[in-house]
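Chemist: Have a look at this one.
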Amino acid sequence: MQKQIECLAPAKINWGLDIVGRRADGYHLLRSLMQTIDLADKVSLRCSRTDHCSCSPSLPGSASNLALSAWLQLKEEFAIRDGLDIRIEKRIPIAGGLAGGSTDAAAVLRGANLLFDLSLSREDLCRIGLKLGADLPFCLTGGLALVEGIGEQVTPQPASQTYYLVLANPGLPVSTAEVYRGYAEHKGGDERRPDLDGLLSALQSGDLSGIRCCCGNVLEGPAFALHPQIAELKRRCLAFGLPALMSGSGGSVWALAKDQAQAEAIADQLRHEASFACTAVTCASLPELAG
């Protein structure tokens, strides 16, 4: 049995996000095209006598608790006697619509599966992950995928194209619950619904104008109402002439550049205006685990 595993825990973006219904228990049903990007936290796992999780830089308790909760869920279900020391080096903005907490938890599940020779399938891990959060099944799958239901239905899609992105965040942790509550109360909003079929076709063919026309996120309206700074950040990205969209429930915004040089030039400008700005590249799969 290995004693230590290192994992890159990549962020995701939503190319498009639509709400298509609501279950009797109140959970919203979504359809979304998500993709892994190369902005990633580093997660190190080491067998230990006790269970412990630490983050650098330090984060509010709830931001790191999901990773520890993922391990404790796995430990209880499979009666693992050993402890696990989890260390997370954060690069992904927290509460930013990029699945920063979920991807760390997914990395813990993937890494512990290998560390303790559990031989669990992706489907097994997704079943466990869904108990912890709706983004976990996608974060355990990676690449480009259509995500439906409450996040449990993940259908991988071919991802032959690579896209260069600018990511920006105003530095405001956004409450997913508040955004969804705002959506439920929102009447006749002006947020654009995505054409996910057209969007997928455009992504697979490299059609930038098609991506611009078909992308959309129905949570932008309520998120912008709660945090106008996100709307301003998107407006700033659009002013560069780039397709831009809020990711997830906010508050990060992605902008699609034509190449790496353009992405770097725009990110440099946005660093003077946003709390966080960087470039990123889309990925066709999850990174490999390293012993």
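Note on naming: chains are A, B, ... as they come in the structure tokens, residues start from 1 per chain, ligands start from 1 in the order shown.
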So which residues of stretch 199-289 of chain A fall under alpha helix (DSSP H) by DSSP, listed as a PyMOL selection string?
Modeler: chain A and resi 199-205+208-214+220-226+228-239+260-270
Chemist: I'd like the contact shell of A:Glu288 - 12 Å cut-off, only C-alpha atoms, skipping same-chain residues fewer than 5 positions apart - returned as a list in words.
Modeler: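 So the residues in contact are Ile5, Glu6, Cys7, Leu8, Ala9, Pro10, Ala107, Arg110, Gly111, Leu114, Leu140 and Gly142 of chain A.
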Chemist: Near A:Gly198, within 12 Å and counting only C-alpha atoms, which residues show up once chain neighbours fewer than 2 positions away are dropped, as a list in words?
Modeler: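 That gives Trp15, Gly16, Leu33, Pro194, Asp195, Leu196, Leu200, Ser201, Ala202, Leu203, Gln204, Ser205, Asp207, Leu208, Ser209, Gly210, Ile211, Arg212, Cys213, Cys214, Cys215 and Gly216 of chain A.
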Chemist: Could you check the closest approach to A:Gln229 for each of A:Pro156, A:Gly26, A:Gly101, A:Gly251 and tell me which residue wins, using only C-alpha atoms?
Modeler: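 Distance minimum relative to A:Gln229 lands on A:Gly251.
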Chemist: What's the 12 Å shell around A:Val43, counting only C-alpha atoms, without same-chain residues fewer than 6 positions away, as an MDAnalysis selection string?
Modeler: chainID A and resid 4:10 53:56 64 67:68 85:91 100:101 103:112 289:291
Chemist: As a list in words, please: the residues near stretch 257-267 of chain A (cut-off 7 Å, only C-alpha atoms, same-chain neighbours under 4 positions excluded).
Modeler: Tyr164, Leu165, Val166, Leu242, Arg271, Ala277, Cys278 and Thr279 of chain A
Chemist: What separation in Å, quoted to one decimal, exists between atom CA of A:Leu199 and atom CA of A:Ala244?
Modeler: 13.6 Å
Chemist: For A:Arg23, find every residue with an atom within 12 Å (counting only C-alpha atoms), except residues of its own chain fewer than 5 positions away, and show them as a ChimeraX atom specification.
Modeler: /A:28-30,149-150
Chemist: Using only C-alpha atoms, which protein or nucleic acid residues come within 12 Å of A:Gly182? Drop anything in the same chain fewer than 4 positions from it, and give the result as a PDB file with N, CA and C atoms, in the first residue's frame.
Modeler:
ATOM      1  N   SER A 175     -22.835  33.043  -1.921  1.00  0.00           N
ATOM      2  CA  SER A 175     -23.614  31.945  -1.363  1.00  0.00           C
ATOM      3  C   SER A 175     -24.468  31.317  -2.454  1.00  0.00           C
ATOM      4  N   THR A 176     -24.184  30.047  -2.767  1.00  0.00           N
ATOM      5  CA  THR A 176     -24.974  29.338  -3.769  1.00  0.00           C
ATOM      6  C   THR A 176     -26.441  29.287  -3.363  1.00  0.00           C
ATOM      7  N   ALA A 177     -26.702  29.045  -2.084  1.00  0.00           N
ATOM      8  CA  ALA A 177     -28.084  28.965  -1.600  1.00  0.00           C
ATOM      9  C   ALA A 177     -28.829  30.277  -1.834  1.00  0.00           C
ATOM     10  N   GLU A 178     -28.163  31.408  -1.587  1.00  0.00           N
ATOM     11  CA  GLU A 178     -28.807  32.705  -1.777  1.00  0.00           C
ATOM     12  C   GLU A 178     -29.097  32.967  -3.253  1.00  0.00           C
ATOM     13  N   HIS A 186     -37.151  35.191  -8.499  1.00  0.00           N
ATOM     14  CA  HIS A 186     -36.966  36.128  -9.609  1.00  0.00           C
ATOM     15  C   HIS A 186     -38.113  35.996 -10.594  1.00  0.00           C
ATOM     16  N   LYS A 187     -38.683  37.100 -11.002  1.00  0.00           N
ATOM     17  CA  LYS A 187     -39.808  37.090 -11.932  1.00  0.00           C
ATOM     18  C   LYS A 187     -39.410  37.793 -13.222  1.00  0.00           C
ATOM     19  N   GLY A 189     -36.823  37.595 -15.351  1.00  0.00           N
ATOM     20  CA  GLY A 189     -35.480  38.142 -15.451  1.00  0.00           C
ATOM     21  C   GLY A 189     -35.001  38.207 -16.893  1.00  0.00           C
ATOM     22  N   VAL A 218     -28.531  31.132 -16.440  1.00  0.00           N
ATOM     23  CA  VAL A 218     -29.758  31.711 -15.879  1.00  0.00           C
ATOM     24  C   VAL A 218     -29.582  32.184 -14.430  1.00  0.00           C
ATOM     25  N   LEU A 219     -28.447  31.871 -13.814  1.00  0.00           N
ATOM     26  CA  LEU A 219     -28.206  32.347 -12.446  1.00  0.00           C
ATOM     27  C   LEU A 219     -27.538  33.718 -12.415  1.00  0.00           C
ATOM     28  N   GLU A 220     -27.196  34.248 -13.584  1.00  0.00           N
ATOM     29  CA  GLU A 220     -26.552  35.565 -13.587  1.00  0.00           C
ATOM     30  C   GLU A 220     -27.456  36.642 -12.999  1.00  0.00           C
ATOM     31  N   GLY A 221     -28.743  36.637 -13.356  1.00  0.00           N
ATOM     32  CA  GLY A 221     -29.648  37.670 -12.867  1.00  0.00           C
ATOM     33  C   GLY A 221     -29.666  37.778 -11.355  1.00  0.00           C
ATOM     34  N   PRO A 222     -29.988  36.689 -10.643  1.00  0.00           N
ATOM     35  CA  PRO A 222     -30.009  36.783  -9.177  1.00  0.00           C
ATOM     36  C   PRO A 222     -28.637  37.041  -8.562  1.00  0.00           C
ATOM     37  N   ALA A 223     -27.570  36.507  -9.173  1.00  0.00           N
ATOM     38  CA  ALA A 223     -26.225  36.752  -8.641  1.00  0.00           C
ATOM     39  C   ALA A 223     -25.842  38.216  -8.816  1.00  0.00           C
ATOM     40  N   PHE A 224     -26.168  38.798  -9.973  1.00  0.00           N
ATOM     41  CA  PHE A 224     -25.859  40.204 -10.214  1.00  0.00           C
ATOM     42  C   PHE A 224     -26.660  41.108  -9.270  1.00  0.00           C
ATOM     43  N   ALA A 225     -27.902  40.709  -8.968  1.00  0.00           N
ATOM     44  CA  ALA A 225     -28.719  41.497  -8.046  1.00  0.00           C
ATOM     45  C   ALA A 225     -28.106  41.509  -6.653  1.00  0.00           C
ATOM     46  N   LEU A 226     -27.544  40.383  -6.242  1.00  0.00           N
ATOM     47  CA  LEU A 226     -26.905  40.288  -4.927  1.00  0.00           C
ATOM     48  C   LEU A 226     -25.550  40.981  -4.911  1.00  0.00           C
ATOM     49  N   HIS A 227     -24.819  40.864  -6.021  1.00  0.00           N
ATOM     50  CA  HIS A 227     -23.445  41.374  -6.083  1.00  0.00           C
ATOM     51  C   HIS A 227     -23.227  42.084  -7.422  1.00  0.00           C
ATOM     52  N   SER A 249     -22.734  29.575  -9.851  1.00  0.00           N
ATOM     53  CA  SER A 249     -23.549  30.571  -9.156  1.00  0.00           C
ATOM     54  C   SER A 249     -22.745  31.820  -8.819  1.00  0.00           C
TER      55      SER A 249
END
Chemist: Here is a test: counting only C-alpha atoms, which residue of A:Tyr163, A:Ala95, A:Leu74, A:Cys126 is nearest to A:Leu144?
Modeler: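 Among A:Tyr163, A:Ala95, A:Leu74, A:Cys126, it is A:Tyr163 that comes nearest to A:Leu144.
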Chemist: Pick the closest to A:Gly248 from A:Cys47, A:Ala168, A:Ala284, A:Leu17: which is it, counting only C-alpha atoms?
Modeler: A:Leu17
Chemist: I'd like to know which residues of stretch 25-250 of chain A are strand (DSSP E) (by DSSP, run on the backbone); could you write them as a PyMOL selection string?
Modeler: chain A and resi 28-48+52-56+83-89+144-149+153-157+164-169+216-217+244-246
